[in-house]
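What's in start-v1.txt: compact mmCIF, C-alpha atoms
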```
# COMPACT_ATOMS: atom_id res chain seq x y z
CA MET A 1 -16.70 16.07 -4.59
CA ALA A 2 -13.72 14.44 -6.27
CA ILE A 3 -10.87 13.49 -3.97
CA ASN A 4 -7.35 13.20 -5.39
CA GLU A 5 -6.23 9.90 -3.88
CA SER A 6 -2.63 10.29 -5.08
CA LYS A 7 -2.05 13.07 -2.50
CA LEU A 8 -3.43 11.04 0.42
CA THR A 9 -1.41 8.92 2.80
CA LYS A 10 -1.90 5.16 2.95
CA GLY A 11 -3.97 5.45 6.13
CA GLN A 12 -6.16 8.16 4.64
CA VAL A 13 -6.84 6.03 1.54
CA ARG A 14 -7.82 3.12 3.80
CA LYS A 15 -10.21 5.35 5.75
CA LEU A 16 -11.73 6.70 2.53
CA ASN A 17 -12.24 3.19 1.15
CA ALA A 18 -13.77 2.01 4.43
CA LEU A 19 -16.19 4.94 4.45
CA ARG A 20 -17.14 4.34 0.81
CA LYS A 21 -17.78 0.69 1.58
CA SER A 22 -19.84 1.34 4.70
CA VAL A 23 -22.05 4.27 3.66
CA GLY A 24 -21.68 4.48 -0.12
CA ASN A 25 -19.45 6.43 -2.48
CA GLU A 26 -21.06 9.89 -2.36
CA LEU A 27 -21.73 10.01 1.37
CA GLY A 28 -18.38 8.37 2.14
CA GLU A 29 -16.49 11.03 0.17
CA GLU A 30 -18.49 13.81 1.83
CA VAL A 31 -17.80 12.47 5.33
CA PHE A 32 -14.13 11.91 4.47
CA GLY A 33 -13.82 15.49 3.21
CA LYS A 34 -15.22 16.82 6.49
CA TRP A 35 -12.93 14.54 8.51
CA LEU A 36 -9.88 15.61 6.48
CA ALA A 37 -10.68 19.30 6.99
CA GLN A 38 -11.04 18.70 10.73
CA GLN A 39 -7.68 16.88 10.86
CA ALA A 40 -5.95 19.77 9.07
CA ALA A 41 -7.39 22.21 11.61
CA MET A 42 -6.09 20.15 14.56
CA LYS A 43 -2.34 20.62 13.99
CA PRO A 44 -0.31 19.95 17.13
CA LYS A 45 1.01 22.95 19.00
CA PRO A 46 4.80 23.30 19.02
CA ASP A 47 6.51 22.38 22.28
CA PRO A 48 7.42 25.67 24.04
CA ILE A 49 10.48 24.17 25.76
CA ALA A 50 11.83 22.81 22.48
CA GLU A 51 11.32 26.24 20.93
CA LYS A 52 13.31 27.87 23.77
CA ILE A 53 16.17 25.38 23.35
CA LYS A 54 16.13 25.98 19.60
CA ALA A 55 16.29 29.74 20.14
CA ALA A 56 19.17 29.35 22.62
CA LEU A 57 21.18 27.24 20.16
CA SER A 58 20.38 29.34 17.08
CA GLY A 59 23.57 31.37 17.55
CA TYR A 60 25.63 28.25 16.84
CA GLU A 61 23.88 27.45 13.56
CA LYS A 62 26.73 28.74 11.35
CA ASP A 63 29.54 27.67 13.71
CA ALA A 64 31.33 24.71 12.09
CA SER A 65 33.20 23.83 15.29
CA PHE A 66 29.97 23.29 17.26
CA ARG A 67 29.03 19.62 16.81
CA LEU A 68 26.39 17.63 18.65
CA GLY A 69 27.59 14.22 17.46
CA ASN A 70 25.64 11.38 15.88
CA TYR A 71 23.69 10.49 19.01
CA GLY A 72 23.33 13.97 20.55
CA TYR A 73 23.08 14.88 24.21
CA THR A 74 20.55 14.38 26.99
CA ILE A 75 19.67 17.41 29.11
CA ARG A 76 18.03 16.88 32.50
CA ARG A 77 17.24 19.18 35.35
CA ALA A 78 19.52 18.37 38.29
CA ARG A 79 17.77 16.56 41.14
CA GLY A 80 18.63 16.05 44.76
CA LYS A 81 19.22 18.05 47.90
CA GLY A 82 21.21 21.19 47.21
CA GLN A 83 21.43 20.55 43.47
CA SER A 84 20.65 23.20 40.91
CA GLY A 85 21.09 23.67 37.20
CA PHE A 86 21.16 20.98 34.56
CA SER A 87 22.80 17.62 34.06
CA ILE A 88 24.09 17.14 30.50
CA THR A 89 25.33 13.77 29.25
CA LYS A 90 26.54 12.70 25.82
CA ASN A 91 24.56 9.86 24.28
CA GLU A 92 26.88 6.99 23.31
CA LYS A 93 26.38 4.25 20.76
CA PRO A 94 24.63 1.24 22.33
CA ARG A 95 26.82 -1.84 22.49
```

Hey, can you dump this file as structure tokens for me?
Amino acid sequence: MAINESKLTKGQVRKLNALRKSVGNELGEEVFGKWLAQQAAMKPKPDPIAEKIKAALSGYEKDASFRLGNYGYTIRRARGKGQSGFSITKNEKPR
């Protein structure tokens, strides 16, 4: 099995070379191919909260007057006795 090393990341090339060195070229490439297929199958699940925020803000995508600034905003759930809703603060440039 020939592996195209130009399409691999630096870490993947290092792993492939380490496997080749430890167990030999043929077996190393076979094991690396199985590992790479397993890594492709284990894609991280998207964050459901981030998806909901994205859906809520999608209406402002074409609105040129809606700007989030260079540093964005921090959204937190309000805490404390009798508090409800969210606390939203603008992130400022660190000094």

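With atom CA of Ile75 of chain A on one side and atom CA of Pro44 of chain A on the other, the separation reads 23.4 Å.
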
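Minimum atom-to-atom distance to Glu29 of chain A, evaluated using all atoms listed in the file, belongs to A:Val13 out of A:Ala78, A:Leu57, A:Ala50, A:Val13.
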
* To do: Take the point (19.1, 22.8, 33.9) as written in the file and pick out every residue within 8 Å of it, counting only C-alpha atoms; give the list as a ChimeraX atom specification.
  => /A:75-78,84-87

* Between atom CA of Asp47 of chain A and atom CA of Gly80 of chain A, what is the distance, to one decimal in Å? ->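 Value for the atom CA of Asp47 of chain A-atom CA of Gly80 of chain A distance: 26.3 Å.
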
* **Residue nearest Tyr73 of chain A - candidates A:Tyr60, A:Asn91, A:Met42, A:Val23, atoms counted: all atoms listed in the file** =>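 Using all atoms listed in the file, Tyr73 of chain A sits closest to A:Asn91.
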
* By how many Å are atom CA of Ile49 of chain A and atom CA of Lys81 of chain A apart? ->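 Here the two named atoms are 24.6 Å from each other.
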
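For Val31 of chain A, the non-local neighbours within 12 Å, defined as residues at least 6 positions apart in the same chain or in other chains and counting all atoms listed in the file, are Met1, Ile3, Lys15, Leu16, Asn17, Ala18, Leu19, Arg20, Ser22, Val23, Gly24, Asn25, Ala37 and Gln38 of chain A.
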
* Asked: Closest to Asn4 of chain A among A:Pro94, A:Gly33, A:Gly72, A:Pro48, using all atoms listed in the file?
  ->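 Using all atoms listed in the file, Asn4 of chain A sits closest to A:Gly33.
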